[in-house]
Structure formats: C-alpha cells, structure tokens
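Engineer: Take a look at entry.txt, compact mmCIF, C-alpha atoms:
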```
# COMPACT_ATOMS: atom_id res chain seq x y z
CA MET A 1 -29.78 -3.32 -2.72
CA LYS A 2 -26.51 -2.37 -1.01
CA LYS A 3 -25.93 1.26 -0.02
CA ILE A 4 -22.57 2.66 -1.13
CA GLN A 5 -21.19 6.10 -0.40
CA LEU A 6 -19.02 7.57 -3.16
CA ILE A 7 -16.56 9.99 -1.58
CA GLN A 8 -14.88 12.60 -3.75
CA THR A 9 -11.44 13.91 -2.77
CA GLY A 10 -10.18 15.18 -6.15
CA GLY A 11 -7.42 13.90 -8.41
CA THR A 12 -7.02 13.35 -12.14
CA ILE A 13 -10.39 11.62 -12.42
CA ALA A 14 -12.10 14.93 -11.61
CA MET A 15 -10.00 17.13 -13.89
CA HIS A 16 -11.20 18.92 -16.98
CA SER A 17 -8.61 18.93 -19.74
CA GLY A 18 -9.90 21.85 -21.75
CA ASN A 19 -7.21 23.92 -23.52
CA GLY A 20 -4.78 21.05 -22.96
CA LYS A 21 -4.16 22.03 -19.33
CA PRO A 22 -5.95 19.76 -16.83
CA ASP A 23 -7.55 21.54 -13.87
CA LEU A 24 -9.74 20.30 -11.04
CA ASP A 25 -13.37 21.13 -11.78
CA ILE A 26 -15.81 19.83 -9.17
CA ASP A 27 -18.99 21.22 -10.74
CA ARG A 28 -18.24 19.72 -14.14
CA PHE A 29 -17.15 16.43 -12.59
CA THR A 30 -20.30 15.93 -10.51
CA THR A 31 -22.52 16.56 -13.55
CA LEU A 32 -20.39 14.27 -15.72
CA LEU A 33 -20.39 11.45 -13.17
CA LEU A 34 -24.18 11.34 -12.96
CA LYS A 35 -24.57 11.64 -16.73
CA GLU A 36 -21.90 9.17 -17.84
CA MET A 37 -22.53 6.37 -15.34
CA PRO A 38 -26.28 5.81 -14.99
CA GLU A 39 -25.53 2.08 -14.58
CA LEU A 40 -24.20 2.78 -11.08
CA SER A 41 -27.81 2.88 -9.89
CA SER A 42 -28.28 -0.73 -11.04
CA ILE A 43 -25.34 -1.91 -8.93
CA ALA A 44 -26.08 -0.17 -5.65
CA GLU A 45 -27.94 2.67 -4.03
CA ILE A 46 -25.37 5.45 -4.46
CA SER A 47 -24.96 8.62 -2.48
CA THR A 48 -22.11 11.07 -3.03
CA HIS A 49 -20.12 13.22 -0.64
CA GLN A 50 -17.32 15.68 -1.25
CA ILE A 51 -14.98 15.65 1.74
CA PHE A 52 -12.21 17.75 0.15
CA PHE A 53 -11.15 18.47 -3.41
CA LYS A 54 -7.39 18.32 -3.87
CA ASP A 55 -4.66 17.32 -6.22
CA SER A 56 -3.37 14.29 -4.33
CA SER A 57 0.11 15.86 -4.12
CA ASP A 58 -1.44 18.31 -1.66
CA VAL A 59 -3.03 15.64 0.53
CA THR A 60 -1.53 15.54 4.05
CA PRO A 61 -2.08 13.53 7.26
CA LEU A 62 -4.74 16.11 8.19
CA HIS A 63 -6.73 14.93 5.18
CA TRP A 64 -6.21 11.28 6.20
CA GLN A 65 -7.68 12.15 9.60
CA LYS A 66 -10.66 13.91 8.05
CA LEU A 67 -11.36 11.01 5.72
CA ALA A 68 -11.06 8.33 8.41
CA ARG A 69 -13.31 10.25 10.81
CA HIS A 70 -15.90 10.78 8.10
CA ILE A 71 -16.05 7.06 7.30
CA HIS A 72 -16.30 6.26 11.02
CA LYS A 73 -19.17 8.71 11.38
CA GLU A 74 -21.05 7.32 8.34
CA TYR A 75 -20.05 3.69 8.87
CA LYS A 76 -23.36 2.29 10.09
CA SER A 77 -25.33 4.00 7.33
CA TYR A 78 -23.60 2.28 4.39
CA ASP A 79 -22.55 -1.18 3.27
CA GLY A 80 -19.35 0.07 1.68
CA PHE A 81 -17.37 3.13 0.65
CA VAL A 82 -15.67 4.09 -2.62
CA ILE A 83 -13.12 6.91 -2.44
CA LEU A 84 -12.16 8.80 -5.60
CA HIS A 85 -8.57 9.95 -5.12
CA GLY A 86 -5.58 11.07 -7.14
CA THR A 87 -3.24 8.24 -8.05
CA ASP A 88 0.04 9.89 -7.02
CA THR A 89 -0.52 9.51 -3.27
CA MET A 90 -3.42 7.05 -3.28
CA ALA A 91 -1.29 4.25 -1.78
CA TYR A 92 -0.24 6.55 1.07
CA THR A 93 -3.83 7.47 1.94
CA ALA A 94 -5.01 3.86 1.63
CA SER A 95 -2.18 2.71 3.92
CA ALA A 96 -2.96 5.43 6.45
CA LEU A 97 -6.63 4.44 6.55
CA SER A 98 -5.72 0.78 6.97
CA PHE A 99 -4.06 1.67 10.28
CA SER A 100 -6.69 4.24 11.30
CA LEU A 101 -9.80 2.07 10.82
CA ILE A 102 -9.47 -0.87 13.20
CA ASN A 103 -11.72 -3.96 12.99
CA ILE A 104 -13.09 -2.98 9.61
CA ASP A 105 -15.84 -5.26 8.29
CA LYS A 106 -16.92 -3.36 5.19
CA PRO A 107 -15.17 -2.54 1.92
CA VAL A 108 -13.32 0.78 1.76
CA ILE A 109 -12.12 0.96 -1.82
CA PHE A 110 -9.99 3.65 -3.44
CA THR A 111 -10.01 4.30 -7.15
CA GLY A 112 -9.23 7.04 -9.62
CA SER A 113 -7.93 7.29 -13.15
CA GLN A 114 -4.86 8.01 -15.21
CA VAL A 115 -6.90 10.14 -17.63
CA PRO A 116 -9.62 12.66 -16.66
CA MET A 117 -13.17 11.37 -16.92
CA SER A 118 -13.95 14.16 -19.40
CA ASN A 119 -11.54 12.65 -21.96
CA ILE A 120 -12.78 10.19 -24.58
CA ARG A 121 -10.12 7.55 -23.79
CA SER A 122 -10.40 7.70 -20.02
CA ASP A 123 -10.04 4.71 -17.70
CA ALA A 124 -12.31 6.40 -15.15
CA HIS A 125 -15.54 4.71 -16.19
CA ARG A 126 -14.20 1.16 -15.83
CA ASN A 127 -12.42 1.87 -12.54
CA VAL A 128 -15.44 3.48 -10.87
CA ILE A 129 -17.88 0.79 -12.03
CA ASN A 130 -15.52 -1.95 -10.80
CA ALA A 131 -14.90 -0.24 -7.46
CA VAL A 132 -18.60 0.28 -6.76
CA GLU A 133 -19.45 -3.32 -7.63
CA LEU A 134 -16.58 -4.66 -5.50
CA ALA A 135 -17.80 -2.47 -2.64
CA THR A 136 -20.95 -4.62 -2.53
CA TYR A 137 -18.90 -7.76 -1.81
CA PRO A 138 -17.75 -9.05 1.62
CA ILE A 139 -14.29 -7.49 1.40
CA TYR A 140 -13.24 -6.37 4.88
CA ASP A 141 -10.27 -4.32 3.80
CA VAL A 142 -8.98 -0.94 2.70
CA ALA A 143 -8.19 -1.62 -0.94
CA ILE A 144 -7.26 -0.02 -4.26
CA CYS A 145 -9.23 -0.92 -7.39
CA PHE A 146 -7.46 -0.16 -10.64
CA ASN A 147 -7.35 -1.65 -14.14
CA ASP A 148 -9.62 -4.63 -13.33
CA THR A 149 -7.60 -5.56 -10.24
CA LEU A 150 -8.17 -5.11 -6.52
CA TYR A 151 -5.09 -4.66 -4.32
CA ARG A 152 -4.74 -4.46 -0.57
CA GLY A 153 -4.19 -0.74 0.00
CA ASN A 154 -1.20 -1.03 2.32
CA ARG A 155 0.47 -3.49 -0.07
CA ALA A 156 0.16 -1.42 -3.22
CA SER A 157 2.45 1.11 -4.91
CA LYS A 158 2.03 3.26 -7.98
CA MET A 159 4.35 1.86 -10.64
CA SER A 160 3.43 3.70 -13.83
CA ILE A 161 2.74 7.30 -14.78
CA GLY A 162 1.35 6.70 -18.24
CA GLU A 163 -0.12 3.18 -18.29
CA PHE A 164 -3.66 2.25 -17.27
CA ASP A 165 -2.08 -0.59 -15.27
CA ALA A 166 -0.74 1.94 -12.77
CA PHE A 167 -0.48 -0.08 -9.55
CA ALA A 168 1.16 -3.28 -8.36
CA SER A 169 1.34 -5.28 -5.15
CA PRO A 170 4.92 -6.57 -5.17
CA ASN A 171 4.85 -8.77 -2.08
CA TYR A 172 1.21 -9.76 -1.67
CA PRO A 173 -1.35 -11.50 -3.93
CA VAL A 174 -4.13 -9.41 -5.43
CA LEU A 175 -7.47 -9.47 -3.60
CA ALA A 176 -9.65 -9.81 -6.69
CA GLU A 177 -9.63 -9.78 -10.48
CA VAL A 178 -12.44 -8.41 -12.61
CA GLY A 179 -13.25 -9.99 -15.96
CA ILE A 180 -16.54 -11.38 -17.21
CA ASP A 181 -17.01 -12.34 -13.56
CA ILE A 182 -15.49 -11.02 -10.36
CA ASN A 183 -12.97 -13.49 -8.99
CA LEU A 184 -12.32 -12.95 -5.28
CA LYS A 185 -8.93 -14.31 -4.24
CA GLN A 186 -9.33 -13.94 -0.49
CA THR A 187 -12.01 -14.71 2.07
CA TYR A 188 -12.46 -12.71 5.26
CA THR A 189 -13.58 -13.45 8.79
CA ARG A 190 -15.74 -10.75 10.32
CA PRO A 191 -13.99 -9.06 13.27
CA SER A 192 -15.37 -9.85 16.70
CA SER A 193 -15.10 -6.22 17.86
CA ASP A 194 -16.69 -3.02 16.63
CA LEU A 195 -14.93 -0.56 14.36
CA ARG A 196 -12.54 1.83 16.08
CA CYS A 197 -11.15 4.98 14.50
CA ASN A 198 -7.72 6.18 15.56
CA PRO A 199 -6.33 8.53 12.88
CA VAL A 200 -3.31 9.96 14.69
CA PHE A 201 -0.09 10.71 12.81
CA ASP A 202 3.18 12.42 13.71
CA ASP A 203 5.22 13.73 10.77
CA LYS A 204 8.51 14.21 12.64
CA LEU A 205 10.48 11.82 10.48
CA HIS A 206 12.98 11.93 7.63
CA VAL A 207 13.38 9.60 4.67
CA VAL A 208 16.93 9.29 3.29
CA LYS A 209 17.43 7.59 -0.06
CA LEU A 210 20.91 6.13 -0.38
CA TYR A 211 22.98 6.36 -3.56
CA PRO A 212 26.59 5.58 -4.46
CA GLY A 213 28.70 8.55 -3.45
CA LEU A 214 26.38 9.89 -0.75
CA ASN A 215 28.49 12.10 1.51
CA PRO A 216 27.43 11.42 5.11
CA GLU A 217 28.38 15.00 6.01
CA MET A 218 25.41 16.16 3.94
CA LEU A 219 23.17 14.51 6.54
CA ASP A 220 24.50 16.75 9.30
CA CYS A 221 21.84 19.30 8.35
CA LEU A 222 19.16 17.04 9.82
CA ASP A 223 18.11 18.24 13.25
CA LEU A 224 17.92 14.91 15.05
CA SER A 225 16.77 16.62 18.25
CA GLN A 226 13.51 17.44 16.45
CA THR A 227 13.27 14.09 14.67
CA ARG A 228 11.58 10.97 16.03
CA ALA A 229 12.34 8.54 13.20
CA VAL A 230 14.71 8.20 10.26
CA ILE A 231 13.90 5.81 7.40
CA LEU A 232 16.90 4.78 5.29
CA GLU A 233 16.00 3.55 1.82
CA ALA A 234 18.97 1.23 1.45
CA PHE A 235 20.20 -1.13 -1.25
CA GLY A 236 19.07 -4.72 -1.68
CA SER A 237 18.22 -6.51 1.54
CA GLY A 238 19.28 -3.52 3.66
CA ASN A 239 22.85 -2.78 2.58
CA PHE A 240 24.68 0.54 2.86
CA PRO A 241 28.27 1.90 2.74
CA MET A 242 30.45 0.92 5.69
CA GLU A 243 33.98 1.81 4.56
CA GLY A 244 36.03 4.94 5.23
CA SER A 245 34.52 8.42 4.93
CA SER A 246 31.47 7.03 3.12
CA SER A 247 30.40 4.91 6.08
CA LEU A 248 26.89 5.62 7.30
CA LEU A 249 27.46 3.91 10.63
CA PRO A 250 28.37 7.17 12.47
CA PHE A 251 25.16 8.80 11.22
CA MET A 252 23.13 5.79 12.25
CA GLU A 253 24.71 5.81 15.70
CA SER A 254 23.85 9.50 16.01
CA CYS A 255 20.23 8.68 15.19
CA THR A 256 19.85 6.08 17.90
CA LYS A 257 21.80 8.14 20.47
CA SER A 258 19.40 11.02 19.78
CA GLY A 259 16.43 8.75 20.49
CA CYS A 260 15.35 8.45 16.85
CA HIS A 261 13.86 5.21 15.61
CA LEU A 262 16.09 3.99 12.78
CA ILE A 263 14.29 2.01 10.08
CA ILE A 264 15.83 0.24 7.11
CA THR A 265 13.82 -0.31 3.94
CA SER A 266 14.93 -1.15 0.41
CA GLN A 267 15.01 0.48 -2.98
CA ALA A 268 13.99 -2.89 -4.42
CA ALA A 269 10.21 -3.26 -4.55
CA TYR A 270 10.14 -7.04 -4.29
CA ASP A 271 11.01 -9.33 -1.39
CA SER A 272 12.07 -8.42 2.12
CA VAL A 273 14.76 -6.52 4.02
CA ASP A 274 16.85 -8.99 6.04
CA LEU A 275 19.31 -7.33 8.42
CA ASN A 276 20.84 -10.69 9.30
CA GLN A 277 21.97 -11.52 5.77
CA TYR A 278 24.97 -9.24 5.26
CA LYS A 279 27.62 -7.52 7.37
CA SER A 280 26.15 -4.03 7.04
CA GLY A 281 22.67 -5.19 8.03
CA ARG A 282 24.02 -6.96 11.09
CA ALA A 283 25.93 -3.80 12.08
CA ALA A 284 22.77 -1.72 11.68
CA LYS A 285 20.77 -4.18 13.75
CA LYS A 286 23.41 -4.05 16.49
CA ILE A 287 23.04 -0.26 16.57
CA GLY A 288 19.29 -0.69 17.00
CA ALA A 289 17.94 -0.39 13.46
CA LEU A 290 14.60 -2.00 12.60
CA SER A 291 13.77 -3.83 9.40
CA ALA A 292 10.77 -2.73 7.33
CA GLY A 293 10.51 -6.32 6.14
CA ASP A 294 8.45 -6.63 2.96
CA MET A 295 6.43 -3.46 3.50
CA THR A 296 6.04 -0.91 0.73
CA MET A 297 7.61 2.49 1.26
CA GLU A 298 4.11 3.97 1.56
CA ALA A 299 3.17 1.54 4.34
CA THR A 300 6.53 2.02 6.07
CA ILE A 301 6.09 5.80 6.20
CA THR A 302 2.44 5.85 7.22
CA LYS A 303 2.88 3.10 9.82
CA THR A 304 5.82 4.99 11.33
CA MET A 305 3.74 8.18 11.46
CA TYR A 306 0.88 6.25 13.03
CA LEU A 307 3.02 4.68 15.77
CA LEU A 308 4.69 8.02 16.50
CA GLY A 309 1.25 9.62 16.69
CA ASN A 310 0.32 7.02 19.29
CA ARG A 311 3.39 8.07 21.31
CA MET A 312 5.05 4.68 21.05
CA ASP A 313 8.69 4.61 22.06
CA GLY A 314 11.50 2.16 22.76
CA GLU A 315 10.67 -1.53 22.83
CA ASN A 316 6.96 -0.84 22.41
CA PHE A 317 7.59 0.90 19.08
CA LYS A 318 9.91 -1.93 17.96
CA THR A 319 7.45 -4.66 18.89
CA VAL A 320 4.49 -3.05 17.14
CA PHE A 321 6.46 -1.90 14.09
CA GLU A 322 7.75 -5.42 13.50
CA SER A 323 4.27 -6.93 13.96
CA ASP A 324 1.46 -7.06 11.41
CA LEU A 325 -1.31 -4.58 12.28
CA SER A 326 -3.54 -4.75 9.21
CA GLY A 327 -1.98 -7.07 6.68
CA GLU A 328 0.84 -4.68 5.76
CA ARG A 329 3.74 -7.07 6.35
CA LYS A 330 4.72 -10.68 6.71
CA THR A 331 5.98 -11.51 10.21
```
Represent the structure of the file as structure tokens.

Structural biologist:
Amino acid sequence: MKKIQLIQTGGTIAMHSGNGKPDLDIDRFTTLLLKEMPELSSIAEISTHQIFFKDSSDVTPLHWQKLARHIHKEYKSYDGFVILHGTDTMAYTASALSFSLINIDKPVIFTGSQVPMSNIRSDAHRNVINAVELATYPIYDVAICFNDTLYRGNRASKMSIGEFDAFASPNYPVLAEVGIDINLKQTYTRPSSDLRCNPVFDDKLHVVKLYPGLNPEMLDCLDLSQTRAVILEAFGSGNFPMEGSSSLLPFMESCTKSGCHLIITSQAAYDSVDLNQYKSGRAAKKIGALSAGDMTMEATITKTMYLLGNRMDGENFKTVFESDLSGERKT
C-alpha cells in the first residue's frame, strides 16, 4: 500500500462555522478528519503533519519555503503528498512549489474546500478522497485537485468564490478527471536526476493593473530604485494607452532605465500575450518588456519572485523567464 503524507496548512476546509462565523479550529478539524474519512485508510497508509495553520490570505513566500523544504526532507519516506490549503491563494503556493521542487517524480497535490468540513453540505470529503487516491498514481507534478478534476498547479487559477467548481486551467488541459474511474489525461517520464529543492523568492516587485483612465502620474509613487520587477496587467494581447498624457510609455521607460524587469501580462485569462501583434506591444518590446505568454497571473508572479530570488538579471532573466521551467508556459 502506498504511503501518503497529508499536510495541513489551514484554510476553509479546517474552519468551524459555529455561530455563523467561520474560524480556524485545528483540534476540531483533526478529530473530524479521522472520524469522517475512515475510508482513507483503504486507499493508502496515511500520516498527517501540521506545518502551519493559516488562512491562506496570510500565506507568504516564507510559508512556501517552509512547505517546500518539508517535502524535500520527507520525500524519500512517502510515495506522495496531499496538501490541505485555503483556496484563495492555493494557485500561488502550488505555482511556487512547482518552481521550488525540481525533478519531481512523485505527486504533490493541493486540495481544500469551498465549505468547511464541519458543514453538512461540504465539498471537503470528496476533494480529500480524490486527492489522496490521485496521490497514489504516477503523477510527477505539483497539482490542484478540486471538484473531480486535477489541474497542473502552475496552470490553475481560482475562478469562483461560491461554486464547488472553483478552479480552471485556461490555457492547459486538465491532468485527470475523476468519475466512476480515474481518467488520467497525461503520462509522465521519470526525471533522470534526483529531486532538488530551491525555494528562494524575492518580493521586490509591483503588479500594476491597467484600467481606462489610469493617470500615469499616480505611478510616480513607486520607488523604482527599490524595485526589481514591474508586472503590468494589460489589456488583450498586451495593449496599453500610448496617446497623450495617458501614455504609459514614459513609465515603462523609467522602469527599464532603473534596471527593473518589465513584464506584460493580460487581464484576459485565455490565450497568450503577443507583443508583436499590435503597435503598443511592439513599442513595449522595443523598450525591453517581456511577455508573460500564456502564463496565469499566479505563475507570472511566483516565477518572477523565484528568478529574482536566484539573482537572475539582464539577458539571463529574460532567457529563463521566457522558457518553460516546469510546464507553466508554452514556448
């Protein structure tokens, strides 16, 4: 029987909704998990570990580091890992681990729930059972299991607050579907090298979401001397204002002159940023902007943090950012 470690980090799945106000309750959750899911023991040999216990809104790169290092430390002792995590930032943590754990050849599967496990109509039971069973399969990936679907972690985004079908993978096929049987959609080749753990992240970046009427002068408050990257969430395939006082070109030039990496992503979830398609994109590319391609915002941010943490600059940063490290983008 496969050995799976169930790692608890907090989130809605572990909340107790007594008095109508959900709160994290680790003691109640641990008791409830063992009581409500005895069938887990028929799927795998389960051990549990609490690494931290947080609302996922409070999870930071320091928690990503702690989680990656824990999995690296325990890696040889288990056949797979299931991480219980809040849904709000689950895709960020999954993306961060996909860059941190290099040459992975075991499943590392995130799951959680939209409704606390203590509620009658909770989706927790189904998600945990599915995640544990999938963790016994040859899935060499960091993934998210939710609502009978397995997504590549660095290709997923949370799309719904109130539906059980909370996640989607806009630009990449799902890894598996769970029905009467488990239908794996992808096969993996085992890496030729051993697992490496490199959870380094630098948070010296800004994300700027564009909107009609954005006054570029409002961006003057950004201290570019203390900033290593600026991510512009642009329109469509990478478009932004270019005319008159609304033009963002002067700000973008200031970014590159200050040594900041300038990255263009899109407010549209589907398809890819193409800086060659329109006039504004070509102007940005001439300044030195990089395209996030078809990456999710979560993958764009965590990959940027990861490359900055590895002290990548100039052409080295550009080359690696525009390459595919762990299935996060099409090249």

Engineer: Could you give me, as a PyMOL selection string, the residues within 7 Å of stretch 173-177 of chain A, counting all atoms listed in the file and dropping anything in the same chain fewer than 4 positions from it?

Structural biologist: chain A and resi 148-152+169+182-186

Engineer: Quick check, in Å to one decimal: how far apart do atom CA of A:Asp271 and atom CA of A:Ser291 lie?

Structural biologist: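 Value for the atom CA of A:Asp271-atom CA of A:Ser291 distance: 12.4 Å.
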
Engineer: List every residue of stretch 125-208 of chain A that has an atom at most 7 Å from any atom of stretch 90-105 of chain A, giving for each one its closest atom pair and the distance in Å to one decimal, counting only C-alpha atoms, sorted by chain and then by ascending residue number, as JSON lines.

Structural biologist:
```
{"residue": "A:Tyr140", "atom": "CA", "partner": "A:Asp105", "partner_atom": "CA", "distance": 4.4}
{"residue": "A:Asp141", "atom": "CA", "partner": "A:Ile104", "partner_atom": "CA", "distance": 6.6}
{"residue": "A:Val142", "atom": "CA", "partner": "A:Ser98", "partner_atom": "CA", "distance": 5.6}
{"residue": "A:Ala143", "atom": "CA", "partner": "A:Ala94", "partner_atom": "CA", "distance": 6.8}
{"residue": "A:Gly153", "atom": "CA", "partner": "A:Ala94", "partner_atom": "CA", "distance": 4.9}
{"residue": "A:Asn154", "atom": "CA", "partner": "A:Ser95", "partner_atom": "CA", "distance": 4.2}
{"residue": "A:Ala156", "atom": "CA", "partner": "A:Ala91", "partner_atom": "CA", "distance": 6.0}
{"residue": "A:Ser157", "atom": "CA", "partner": "A:Ala91", "partner_atom": "CA", "distance": 5.8}
{"residue": "A:Arg190", "atom": "CA", "partner": "A:Asp105", "partner_atom": "CA", "distance": 5.9}
{"residue": "A:Pro191", "atom": "CA", "partner": "A:Asn103", "partner_atom": "CA", "distance": 5.6}
{"residue": "A:Ser193", "atom": "CA", "partner": "A:Asn103", "partner_atom": "CA", "distance": 6.3}
{"residue": "A:Asp194", "atom": "CA", "partner": "A:Asn103", "partner_atom": "CA", "distance": 6.2}
{"residue": "A:Leu195", "atom": "CA", "partner": "A:Asn103", "partner_atom": "CA", "distance": 4.9}
{"residue": "A:Arg196", "atom": "CA", "partner": "A:Ile102", "partner_atom": "CA", "distance": 5.0}
{"residue": "A:Cys197", "atom": "CA", "partner": "A:Leu101", "partner_atom": "CA", "distance": 4.9}
{"residue": "A:Asn198", "atom": "CA", "partner": "A:Ser100", "partner_atom": "CA", "distance": 4.8}
{"residue": "A:Pro199", "atom": "CA", "partner": "A:Ser100", "partner_atom": "CA", "distance": 4.6}
```

Engineer: Restricting the calculation to all atoms listed in the file: of A:Ile83, A:Leu62, A:Ala44, A:Ile13, which residue gets closest to A:His125?

Structural biologist: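 The closest residue to A:His125 is A:Ile13.
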
Engineer: Excluding A:Ser42 and its own-chain neighbours fewer than 6 positions away, which residues fall within 12 Å of it when counting all atoms listed in the file? Please give them as a list in words.

Structural biologist: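 Counting only the stated atoms, we get Met1, Lys2, Lys3, Ile4, Ile129, Val132, Glu133 and Thr136 of chain A.
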
Engineer: Report, in Å to a single decimal, how far apart atom CA of A:His85 and atom CA of A:Thr9 are.

Structural biologist: 5.4 Å

Engineer: Would you list the residues near (2.3, -10.4, 1.8), meaning any protein, DNA or RNA residue with an atom at most 9 Å from that point in file coordinates, counting only C-alpha atoms, as a list in words?

Structural biologist: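 Checked against the point, the hits come out as Arg155, Ser169, Pro170, Asn171, Tyr172, Pro173, Asp294, Met295, Gly327, Glu328, Arg329 and Lys330 of chain A.
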
Engineer: What does the distance from atom CA of A:Asn239 to atom CA of A:Leu308 come to in Å, to one decimal?

Structural biologist: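 A separation of 25.3 Å between them.
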
Engineer: For each of A:Gln5, A:Ser254, A:Ser225, A:Ser247, take the minimum atom-to-atom distance to A:Gly80, counting all atoms listed in the file, then give the residue where this is smallest.

Structural biologist: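 Using all atoms listed in the file, A:Gly80 sits closest to A:Gln5.
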
Engineer: Take every atom of stretch 167-184 of chain A listed in the file, fit an axis-aligned box around them, add 8 Å per side, and give the centre and edge lengths in Å to one decimal as AutoDock Vina command-line options.

Structural biologist:
```
--center_x -6.0 --center_y -6.8 --center_z -9.4 --size_x 37.9 --size_y 29.4 --size_z 31.5
```

Engineer: I need the residue nearest A:Met252 from this list: A:Ala289, A:Ile43, A:Leu275, A:Val320. Use all atoms listed in the file for the distance.

Structural biologist: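 Smallest separation from A:Met252 among the options: A:Ala289.
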
Engineer: Point out the residue among A:Arg311, A:Ile46, A:Pro38, A:Leu6 with the least atom-to-atom distance to A:Ile71, counting only C-alpha atoms.

Structural biologist: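 Closest to A:Ile71, using only C-alpha atoms: A:Leu6.
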
Engineer: Hey, which of A:Lys318, A:Pro138, A:Ser113, A:Gly259 ends up closest to A:Ala166? Count only C-alpha atoms.

Structural biologist: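 Among the listed residues, A:Ser113 lies closest to A:Ala166.
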
Engineer: Anything within 12 Å of (20.4, 14.1, 4.9): list those residues as a ChimeraX atom specification, counting all atoms listed in the file and sticking to the file's coordinates.

Structural biologist: /A:205-211,214-224,230-233,248,251-252,255

Engineer: Just checking: using all atoms listed in the file, which residue out of A:Val178, A:Met159, A:Met297, A:Ala229 ends up closest to A:Asp203?

Structural biologist: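 Nearest candidate to A:Asp203 out of A:Val178, A:Met159, A:Met297, A:Ala229: A:Ala229.
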